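Novice: Okay, so here is upload-v2.cif, and as you'll see once you scroll down, it has mmCIF, C-alpha atoms and all ligand atoms.
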data_query
loop_
_atom_site.group_PDB
_atom_site.id
_atom_site.type_symbol
_atom_site.label_atom_id
_atom_site.label_comp_id
_atom_site.auth_asym_id
_atom_site.auth_seq_id
_atom_site.Cartn_x
_atom_site.Cartn_y
_atom_site.Cartn_z
ATOM 1 C CA MET R 18 9.647 -43.145 -5.112
ATOM 2 C CA ILE R 19 6.731 -44.564 -3.122
ATOM 3 C CA VAL R 20 5.131 -42.039 -0.762
ATOM 4 C CA THR R 21 3.230 -43.637 2.085
ATOM 5 C CA LYS R 22 -0.124 -42.350 3.301
ATOM 6 C CA VAL R 23 1.506 -41.060 6.511
ATOM 7 C CA GLU R 24 4.158 -39.193 4.525
ATOM 8 C CA ARG R 25 1.507 -37.692 2.261
ATOM 9 C CA LEU R 26 -0.452 -36.449 5.283
ATOM 10 C CA SER R 27 2.720 -34.922 6.775
ATOM 11 C CA ILE R 28 3.478 -33.126 3.506
ATOM 12 C CA MET R 29 -0.076 -31.745 3.430
ATOM 13 C CA ALA R 30 0.225 -30.623 7.046
ATOM 14 C CA ILE R 31 3.481 -28.781 6.242
ATOM 15 C CA LEU R 32 1.988 -27.153 3.151
ATOM 16 C CA GLY R 33 -1.030 -26.164 5.234
ATOM 17 C CA SER R 34 -3.988 -24.578 3.461
ATOM 18 C CA SER R 35 -2.364 -24.491 0.040
ATOM 19 C CA ALA R 36 -2.573 -28.261 -0.062
ATOM 20 C CA SER R 37 -5.810 -28.845 1.764
ATOM 21 C CA HIS R 38 -7.936 -26.170 0.094
ATOM 22 C CA HIS R 39 -7.674 -27.876 -3.291
ATOM 23 C CA THR R 40 -10.073 -30.471 -1.991
ATOM 24 C CA VAL R 41 -12.656 -27.945 -0.756
ATOM 25 C CA PRO R 42 -15.329 -26.939 -3.292
ATOM 26 C CA CYS R 43 -15.341 -23.158 -3.749
ATOM 27 C CA TYR R 44 -17.944 -20.543 -4.576
ATOM 28 C CA ARG R 45 -18.568 -19.904 -8.271
ATOM 29 C CA LEU R 46 -16.619 -17.054 -9.866
ATOM 30 C CA PRO R 47 -19.587 -14.619 -10.202
ATOM 31 C CA ALA R 48 -20.364 -15.060 -6.486
ATOM 32 C CA ARG R 49 -16.708 -14.456 -5.557
ATOM 33 C CA VAL R 50 -16.376 -11.348 -7.763
ATOM 34 C CA LEU R 51 -19.640 -9.944 -6.384
ATOM 35 C CA HIS R 52 -18.576 -10.719 -2.819
ATOM 36 C CA TRP R 53 -15.296 -8.809 -3.029
ATOM 37 C CA SER R 54 -16.584 -5.856 -5.043
ATOM 38 C CA MET R 55 -19.459 -5.458 -2.594
ATOM 39 C CA ALA R 56 -17.145 -5.883 0.385
ATOM 40 C CA ILE R 57 -15.037 -2.939 -0.835
ATOM 41 C CA LEU R 58 -18.117 -0.819 -1.550
ATOM 42 C CA VAL R 59 -19.754 -1.558 1.818
ATOM 43 C CA LEU R 60 -16.559 -0.674 3.678
ATOM 44 C CA LEU R 61 -16.277 2.588 1.713
ATOM 45 C CA MET R 62 -19.979 3.362 2.278
ATOM 46 C CA THR R 63 -19.731 2.676 6.010
ATOM 47 C CA GLY R 64 -16.569 4.753 6.343
ATOM 48 C CA ALA R 65 -18.079 7.635 4.370
ATOM 49 C CA GLY R 66 -21.329 7.447 6.410
ATOM 50 C CA LEU R 67 -19.463 7.577 9.722
ATOM 51 C CA VAL R 68 -17.133 10.418 8.644
ATOM 52 C CA MET R 69 -19.697 12.635 6.898
ATOM 53 C CA THR R 70 -21.907 12.751 10.009
ATOM 54 C CA GLN R 71 -19.067 14.090 12.184
ATOM 55 C CA GLU R 72 -19.118 17.700 13.284
ATOM 56 C CA GLY R 73 -16.364 20.086 12.238
ATOM 57 C CA LEU R 74 -15.857 18.778 8.682
ATOM 58 C CA SER R 75 -15.330 21.318 5.925
ATOM 59 C CA ARG R 76 -18.497 21.952 3.875
ATOM 60 C CA GLU R 77 -16.710 20.818 0.739
ATOM 61 C CA LEU R 78 -15.576 17.465 2.166
ATOM 62 C CA GLN R 79 -18.975 16.835 3.755
ATOM 63 C CA ASN R 80 -20.801 17.550 0.488
ATOM 64 C CA THR R 81 -18.445 15.289 -1.482
ATOM 65 C CA LEU R 82 -18.913 12.438 0.999
ATOM 66 C CA PHE R 83 -22.710 12.866 1.002
ATOM 67 C CA ILE R 84 -22.848 12.857 -2.806
ATOM 68 C CA PHE R 85 -20.629 9.734 -2.938
ATOM 69 C CA HIS R 86 -22.628 8.003 -0.182
ATOM 70 C CA LYS R 87 -26.096 8.632 -1.632
ATOM 71 C CA ASN R 88 -25.286 7.878 -5.267
ATOM 72 C CA VAL R 89 -23.058 4.839 -4.767
ATOM 73 C CA GLY R 90 -25.582 3.657 -2.174
ATOM 74 C CA VAL R 91 -28.466 3.498 -4.650
ATOM 75 C CA LEU R 92 -26.180 1.795 -7.176
ATOM 76 C CA MET R 93 -25.511 -0.834 -4.532
ATOM 77 C CA LEU R 94 -29.195 -1.728 -4.481
ATOM 78 C CA LEU R 95 -28.784 -3.021 -8.054
ATOM 79 C CA LEU R 96 -25.663 -4.980 -7.133
ATOM 80 C CA ILE R 97 -27.430 -6.458 -4.119
ATOM 81 C CA ALA R 98 -30.372 -7.559 -6.282
ATOM 82 C CA VAL R 99 -27.897 -9.340 -8.622
ATOM 83 C CA ARG R 100 -26.096 -10.842 -5.631
ATOM 84 C CA VAL R 101 -29.294 -12.211 -4.108
ATOM 85 C CA GLY R 102 -30.256 -13.601 -7.546
ATOM 86 C CA VAL R 103 -26.888 -15.370 -7.886
ATOM 87 C CA ARG R 104 -27.223 -16.703 -4.332
ATOM 88 C CA PHE R 105 -30.632 -18.236 -5.040
ATOM 89 C CA ALA R 106 -29.625 -19.556 -8.471
ATOM 90 C CA HIS R 107 -26.618 -21.466 -7.077
ATOM 91 C CA ARG R 108 -26.495 -23.051 -3.677
ATOM 92 C CA PRO R 109 -23.267 -22.227 -1.834
ATOM 93 C CA PRO R 110 -20.778 -25.072 -1.388
ATOM 94 C CA PRO R 111 -21.509 -27.237 1.652
ATOM 95 C CA GLU R 112 -19.601 -26.434 4.831
ATOM 96 C CA PRO R 113 -16.634 -28.773 5.373
ATOM 97 C CA GLU R 114 -17.404 -31.577 7.819
ATOM 98 C CA THR R 115 -14.585 -30.329 10.039
ATOM 99 C CA LEU R 116 -16.625 -27.191 10.853
ATOM 100 C CA PRO R 117 -18.399 -27.557 14.230
ATOM 101 C CA LEU R 118 -22.206 -27.241 14.041
ATOM 102 C CA TRP R 119 -22.317 -24.196 16.331
ATOM 103 C CA GLN R 120 -19.865 -22.339 14.072
ATOM 104 C CA ALA R 121 -21.880 -23.273 10.985
ATOM 105 C CA ARG R 122 -25.031 -21.935 12.706
ATOM 106 C CA ILE R 123 -23.388 -18.630 13.648
ATOM 107 C CA ALA R 124 -22.037 -18.330 10.088
ATOM 108 C CA SER R 125 -25.536 -18.856 8.599
ATOM 109 C CA PHE R 126 -27.031 -16.324 11.013
ATOM 110 C CA THR R 127 -24.300 -13.763 10.189
ATOM 111 C CA HIS R 128 -24.620 -14.285 6.439
ATOM 112 C CA PHE R 129 -28.400 -13.921 6.586
ATOM 113 C CA GLY R 130 -28.061 -10.752 8.696
ATOM 114 C CA LEU R 131 -25.539 -9.270 6.257
ATOM 115 C CA TYR R 132 -27.804 -9.962 3.272
ATOM 116 C CA ALA R 133 -30.815 -8.474 5.089
ATOM 117 C CA LEU R 134 -28.897 -5.344 6.107
ATOM 118 C CA LEU R 135 -27.474 -4.897 2.615
ATOM 119 C CA VAL R 136 -31.079 -4.611 1.417
ATOM 120 C CA ILE R 137 -32.384 -2.600 4.399
ATOM 121 C CA MET R 138 -29.551 -0.024 4.532
ATOM 122 C CA PRO R 139 -29.803 1.416 0.996
ATOM 123 C CA LEU R 140 -33.619 1.300 1.127
ATOM 124 C CA ALA R 141 -33.702 3.129 4.478
ATOM 125 C CA GLY R 142 -31.117 5.615 3.171
ATOM 126 C CA TYR R 143 -33.182 6.236 0.044
ATOM 127 C CA ILE R 144 -36.403 6.769 2.031
ATOM 128 C CA ARG R 145 -34.618 8.987 4.570
ATOM 129 C CA VAL R 146 -33.302 11.268 1.798
ATOM 130 C CA LYS R 147 -36.330 11.344 -0.489
ATOM 131 C CA ALA R 148 -38.994 11.609 2.241
ATOM 132 C CA GLY R 149 -36.850 14.377 3.733
ATOM 133 C CA GLY R 150 -37.014 16.292 0.438
ATOM 134 C CA PHE R 151 -33.280 16.031 -0.384
ATOM 135 C CA PRO R 152 -31.673 15.255 -3.760
ATOM 136 C CA ILE R 153 -30.106 12.043 -5.034
ATOM 137 C CA GLU R 154 -28.146 13.633 -7.848
ATOM 138 C CA SER R 155 -27.809 10.643 -10.215
ATOM 139 C CA LEU R 156 -31.490 9.640 -10.021
ATOM 140 C CA ASP R 157 -32.631 13.256 -10.276
ATOM 141 C CA ALA R 158 -30.456 13.814 -13.374
ATOM 142 C CA LEU R 159 -32.031 10.719 -14.960
ATOM 143 C CA GLY R 160 -35.494 12.122 -14.182
ATOM 144 C CA VAL R 161 -36.415 9.247 -11.842
ATOM 145 C CA ALA R 162 -39.363 10.385 -9.714
ATOM 146 C CA SER R 163 -39.341 9.852 -5.946
ATOM 147 C CA LEU R 164 -40.896 6.536 -4.914
ATOM 148 C CA VAL R 165 -41.913 7.872 -1.501
ATOM 149 C CA PRO R 166 -43.992 10.893 -0.459
ATOM 150 C CA ARG R 167 -42.421 13.896 1.253
ATOM 151 C CA SER R 168 -42.912 13.237 4.993
ATOM 152 C CA ASP R 169 -40.808 14.306 7.968
ATOM 153 C CA ALA R 170 -42.170 11.446 10.110
ATOM 154 C CA LEU R 171 -41.240 8.871 7.461
ATOM 155 C CA ALA R 172 -37.800 10.486 7.012
ATOM 156 C CA GLU R 173 -37.140 10.370 10.777
ATOM 157 C CA THR R 174 -38.196 6.693 11.033
ATOM 158 C CA ALA R 175 -35.961 5.778 8.090
ATOM 159 C CA LYS R 176 -33.126 7.801 9.615
ATOM 160 C CA ALA R 177 -33.355 5.832 12.885
ATOM 161 C CA LEU R 178 -33.494 2.535 10.957
ATOM 162 C CA HIS R 179 -30.429 3.582 8.930
ATOM 163 C CA PHE R 180 -28.551 4.581 12.094
ATOM 164 C CA TYR R 181 -29.204 1.370 14.093
ATOM 165 C CA GLY R 182 -28.947 -0.798 10.974
ATOM 166 C CA GLY R 183 -25.504 0.725 10.361
ATOM 167 C CA ARG R 184 -24.381 -0.194 13.891
ATOM 168 C CA LEU R 185 -25.647 -3.764 13.508
ATOM 169 C CA LEU R 186 -23.986 -4.004 10.091
ATOM 170 C CA ILE R 187 -20.645 -2.951 11.587
ATOM 171 C CA LEU R 188 -21.015 -5.613 14.311
ATOM 172 C CA LEU R 189 -21.830 -8.366 11.803
ATOM 173 C CA MET R 190 -19.003 -7.266 9.489
ATOM 174 C CA LEU R 191 -16.533 -7.463 12.385
ATOM 175 C CA MET R 192 -17.764 -10.979 13.245
ATOM 176 C CA HIS R 193 -17.570 -11.982 9.579
ATOM 177 C CA ILE R 194 -14.070 -10.572 9.026
ATOM 178 C CA GLY R 195 -12.857 -12.027 12.338
ATOM 179 C CA ALA R 196 -14.125 -15.498 11.392
ATOM 180 C CA ALA R 197 -12.638 -15.227 7.878
ATOM 181 C CA LEU R 198 -9.217 -14.313 9.291
ATOM 182 C CA PHE R 199 -9.474 -17.099 11.872
ATOM 183 C CA HIS R 200 -10.006 -19.636 9.078
ATOM 184 C CA ALA R 201 -7.356 -18.074 6.811
ATOM 185 C CA VAL R 202 -4.558 -17.671 9.357
ATOM 186 C CA ILE R 203 -5.178 -20.095 12.220
ATOM 187 C CA LYS R 204 -7.391 -22.970 11.035
ATOM 188 C CA ARG R 205 -6.178 -22.987 7.405
ATOM 189 C CA ASP R 206 -9.038 -25.313 6.533
ATOM 190 C CA GLY R 207 -9.780 -23.907 3.049
ATOM 191 C CA ILE R 208 -12.930 -22.034 4.119
ATOM 192 C CA PHE R 209 -11.338 -18.662 3.365
ATOM 193 C CA GLN R 210 -9.863 -19.820 0.041
ATOM 194 C CA ARG R 211 -13.236 -20.935 -1.303
ATOM 195 C CA MET R 212 -14.295 -17.259 -1.459
ATOM 196 C CA TRP R 213 -10.925 -15.902 -2.652
ATOM 197 C CA PRO R 214 -11.282 -14.473 -6.219
ATOM 198 C CA THR R 215 -8.294 -16.291 -7.712
ATOM 199 C CA SER R 216 -8.741 -19.649 -5.994
ATOM 200 C CA ALA R 217 -8.376 -22.528 -8.405
ATOM 201 C CA THR R 218 -10.565 -24.868 -6.371
ATOM 202 C CA ARG R 219 -13.381 -26.698 -8.110
ATOM 203 C CA PRO R 220 -16.835 -25.065 -8.146
ATOM 204 C CA SER R 221 -19.472 -26.495 -5.834
ATOM 205 C CA GLN R 222 -21.907 -27.440 -8.619
HETATM 206 C C1 LIG R 301 -25.083 -0.417 1.798
HETATM 207 C C2 LIG R 301 -25.483 0.841 1.788
HETATM 208 C C3 LIG R 301 -25.296 1.821 2.904
HETATM 209 C C4 LIG R 301 -24.567 1.735 4.053
HETATM 210 C C5 LIG R 301 -23.697 0.578 4.535
HETATM 211 C C6 LIG R 301 -24.734 2.987 4.761
HETATM 212 C C7 LIG R 301 -24.143 3.283 5.973
HETATM 213 C C8 LIG R 301 -24.299 4.479 6.659
HETATM 214 C C9 LIG R 301 -23.704 4.786 7.923
HETATM 215 C C10 LIG R 301 -22.836 3.828 8.755
HETATM 216 C C11 LIG R 301 -24.069 6.033 8.259
HETATM 217 C C12 LIG R 301 -23.706 6.802 9.529
HETATM 218 C C13 LIG R 301 -24.921 6.797 10.440
HETATM 219 C C14 LIG R 301 -24.751 7.746 11.586
HETATM 220 O O1 LIG R 301 -23.840 7.546 12.381
HETATM 221 O O2 LIG R 301 -25.562 8.681 11.665
HETATM 222 C C15 LIG R 301 -24.881 6.553 7.192
HETATM 223 C C16 LIG R 301 -25.445 7.811 7.160
HETATM 224 C C17 LIG R 301 -26.248 8.287 6.141
HETATM 225 N N1 LIG R 301 -26.630 7.601 5.017
HETATM 226 FE FE1 LIG R 301 -26.105 5.723 4.526
HETATM 227 N N2 LIG R 301 -25.565 3.789 4.034
HETATM 228 C C18 LIG R 301 -25.930 3.127 2.895
HETATM 229 C C19 LIG R 301 -26.759 3.592 1.884
HETATM 230 C C20 LIG R 301 -27.325 4.847 1.841
HETATM 231 C C21 LIG R 301 -28.142 5.359 0.775
HETATM 232 C C22 LIG R 301 -28.521 4.575 -0.478
HETATM 233 C C23 LIG R 301 -28.492 6.611 1.116
HETATM 234 C C24 LIG R 301 -29.351 7.596 0.354
HETATM 235 C C25 LIG R 301 -29.675 7.496 -0.894
HETATM 236 C C26 LIG R 301 -27.900 6.915 2.387
HETATM 237 C C27 LIG R 301 -28.032 8.103 3.058
HETATM 238 C C28 LIG R 301 -27.442 8.426 4.264
HETATM 239 C C29 LIG R 301 -27.571 9.694 4.933
HETATM 240 C C30 LIG R 301 -28.383 10.893 4.441
HETATM 241 C C31 LIG R 301 -26.825 9.625 6.112
HETATM 242 C C32 LIG R 301 -26.603 10.716 7.186
HETATM 243 C C33 LIG R 301 -27.416 10.441 8.416
HETATM 244 C C34 LIG R 301 -28.814 10.843 8.212
HETATM 245 O O3 LIG R 301 -29.065 12.020 8.067
HETATM 246 O O4 LIG R 301 -29.678 9.954 8.178
HETATM 247 N N3 LIG R 301 -27.183 5.822 2.821
HETATM 248 N N4 LIG R 301 -25.010 5.582 6.231
#
Step by step, read the file and then write its structure as structure tokens.

Specialist:
Amino acid sequence: MIVTKVERLSIMAILGSSASHHTVPCYRLPARVLHWSMAILVLLMTGAGLVMTQEGLSRELQNTLFIFHKNVGVLMLLLIAVRVGVRFAHRPPPEPETLPLWQARIASFTHFGLYALLVIMPLAGYIRVKAGGFPIESLDALGVASLVPRSDALAETAKALHFYGGRLLILLMLMHIGAALFHAVIKRDGIFQRMWPTSATRPSQ
């Protein structure tokens, strides 16, 4: 049976993203795995940070959340270093030509802001805790000495940076998730699928 070009386009339109995304180059697998594991960790870290600073929590729950937050937070610094390395080693796939320039610019700005905050947040958290003279159980157990001096002024500055950085991070995450859902559900242009862990689209390079 001969399928005309018009018919082929109609079939693709009906199938939506599942047909069109096969033509969009995707992120490499390491970048996709890192993206989703870090996404889960950042959401857990943000949730824990917001809950543990609430008044009226039981001591036990607060302590558990603090221990989780501090120790997973320093572990994230390692993951972020790997992520930045992977990002510089492999250029991301080019944006599809269908993406308007202003949306591409906002996406670049948001991605840069997220990377910057994912470095700033754990560093500020570390400085806030160590300059304040508090423990980070995993590092202390490994005998890792503090990299910053004990200083209330430094701890307060880092605390403010961590607080406002956290608010900005939440804003950028909402923008990022909103845009991802917009592409996945409404536009169906393959942009979401190129970061999906199990996508079978071809790598960008
Ligand atoms: C990606 C990593 C991190 C994220 C997204 C994050 C996020 C947050 C958020 C949203 C809060 C609540 C802020 C507030 O409303 O007061 C918070 C609080 C806090 N975070 Fe983090 N955090 C991260 C890493 C760390 C690390 C590595 C440490 C320490 C080793 C840390 C230590 C703290 C502490 C002690 C608080 C309580 C507020 C304070 O006394 O400064 N955080 N964090």

Novice: Quick one: of R:Val59, R:Ile194, R:Val161, R:Leu82, who's nearest to ligand LIG 301 (chain R), counting only C-alpha atoms and all ligand atoms?

Specialist: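 For ligand LIG 301 (chain R), the nearest of the candidates is R:Val59.
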
Novice: Can I get the residues close to ligand LIG 301 (chain R) as JSON, numbers by chain, where close means within 7 Å and we count only C-alpha atoms and all ligand atoms?

Specialist: {"R": [59, 62, 63, 64, 66, 67, 70, 83, 86, 87, 88, 89, 90, 91, 93, 135, 138, 139, 140, 142, 143, 145, 146, 153, 176, 179, 180, 183, 184]}

Novice: For the structure provided, state which residues fall under the PyMOL selection byres (((chain R and resi 48-58) around 12) and not hetatm), and present them as a PyMOL selection string.

Specialist: chain R and resi 43-47+59-66+85-86+88-110+128+131-132+135+190+193-194+209-217+220-221

Novice: Restrict the selected residues to C-alpha atoms and save them as a JSON list (two decimals), in the frame of the given file.

Specialist:
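The resulting result_12.json:
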[["chain", "number", "residue", "atom", "x", "y", "z"],
["R", 43, "CYS", "CA", -15.34, -23.16, -3.75],
["R", 44, "TYR", "CA", -17.94, -20.54, -4.58],
["R", 45, "ARG", "CA", -18.57, -19.90, -8.27],
["R", 46, "LEU", "CA", -16.62, -17.05, -9.87],
["R", 47, "PRO", "CA", -19.59, -14.62, -10.20],
["R", 59, "VAL", "CA", -19.75, -1.56, 1.82],
["R", 60, "LEU", "CA", -16.56, -0.67, 3.68],
["R", 61, "LEU", "CA", -16.28, 2.59, 1.71],
["R", 62, "MET", "CA", -19.98, 3.36, 2.28],
["R", 63, "THR", "CA", -19.73, 2.68, 6.01],
["R", 64, "GLY", "CA", -16.57, 4.75, 6.34],
["R", 65, "ALA", "CA", -18.08, 7.64, 4.37],
["R", 66, "GLY", "CA", -21.33, 7.45, 6.41],
["R", 85, "PHE", "CA", -20.63, 9.73, -2.94],
["R", 86, "HIS", "CA", -22.63, 8.00, -0.18],
["R", 88, "ASN", "CA", -25.29, 7.88, -5.27],
["R", 89, "VAL", "CA", -23.06, 4.84, -4.77],
["R", 90, "GLY", "CA", -25.58, 3.66, -2.17],
["R", 91, "VAL", "CA", -28.47, 3.50, -4.65],
["R", 92, "LEU", "CA", -26.18, 1.80, -7.18],
["R", 93, "MET", "CA", -25.51, -0.83, -4.53],
["R", 94, "LEU", "CA", -29.20, -1.73, -4.48],
["R", 95, "LEU", "CA", -28.78, -3.02, -8.05],
["R", 96, "LEU", "CA", -25.66, -4.98, -7.13],
["R", 97, "ILE", "CA", -27.43, -6.46, -4.12],
["R", 98, "ALA", "CA", -30.37, -7.56, -6.28],
["R", 99, "VAL", "CA", -27.90, -9.34, -8.62],
["R", 100, "ARG", "CA", -26.10, -10.84, -5.63],
["R", 101, "VAL", "CA", -29.29, -12.21, -4.11],
["R", 102, "GLY", "CA", -30.26, -13.60, -7.55],
["R", 103, "VAL", "CA", -26.89, -15.37, -7.89],
["R", 104, "ARG", "CA", -27.22, -16.70, -4.33],
["R", 105, "PHE", "CA", -30.63, -18.24, -5.04],
["R", 106, "ALA", "CA", -29.62, -19.56, -8.47],
["R", 107, "HIS", "CA", -26.62, -21.47, -7.08],
["R", 108, "ARG", "CA", -26.50, -23.05, -3.68],
["R", 109, "PRO", "CA", -23.27, -22.23, -1.83],
["R", 110, "PRO", "CA", -20.78, -25.07, -1.39],
["R", 128, "HIS", "CA", -24.62, -14.28, 6.44],
["R", 131, "LEU", "CA", -25.54, -9.27, 6.26],
["R", 132, "TYR", "CA", -27.80, -9.96, 3.27],
["R", 135, "LEU", "CA", -27.47, -4.90, 2.62],
["R", 190, "MET", "CA", -19.00, -7.27, 9.49],
["R", 193, "HIS", "CA", -17.57, -11.98, 9.58],
["R", 194, "ILE", "CA", -14.07, -10.57, 9.03],
["R", 209, "PHE", "CA", -11.34, -18.66, 3.36],
["R", 210, "GLN", "CA", -9.86, -19.82, 0.04],
["R", 211, "ARG", "CA", -13.24, -20.94, -1.30],
["R", 212, "MET", "CA", -14.30, -17.26, -1.46],
["R", 213, "TRP", "CA", -10.92, -15.90, -2.65],
["R", 214, "PRO", "CA", -11.28, -14.47, -6.22],
["R", 215, "THR", "CA", -8.29, -16.29, -7.71],
["R", 216, "SER", "CA", -8.74, -19.65, -5.99],
["R", 217, "ALA", "CA", -8.38, -22.53, -8.40],
["R", 220, "PRO", "CA", -16.84, -25.06, -8.15],
["R", 221, "SER", "CA", -19.47, -26.50, -5.83]]

Novice: Have a look at R:Gln79, R:Thr174, R:Ser163, R:Gln120 and name the one nearest to Met192 in chain R; count all atoms listed in the file.

Specialist: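 The answer is R:Gln120, which sits nearest to Met192 in chain R.
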
Novice: Quick check, in Å to one decimal: how far apart do CA of Ile144 in chain R and CA of Gly73 in chain R lie?

Specialist: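 Computing the Euclidean distance for CA of Ile144 in chain R and CA of Gly73 in chain R yields 26.1 Å.
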
Novice: Quote the spacing between CA of Pro117 in chain R and CA of Gly182 in chain R in Å to one decimal place.

Specialist: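 Straight-line distance from CA of Pro117 in chain R to CA of Gly182 in chain R works out to 28.9 Å.
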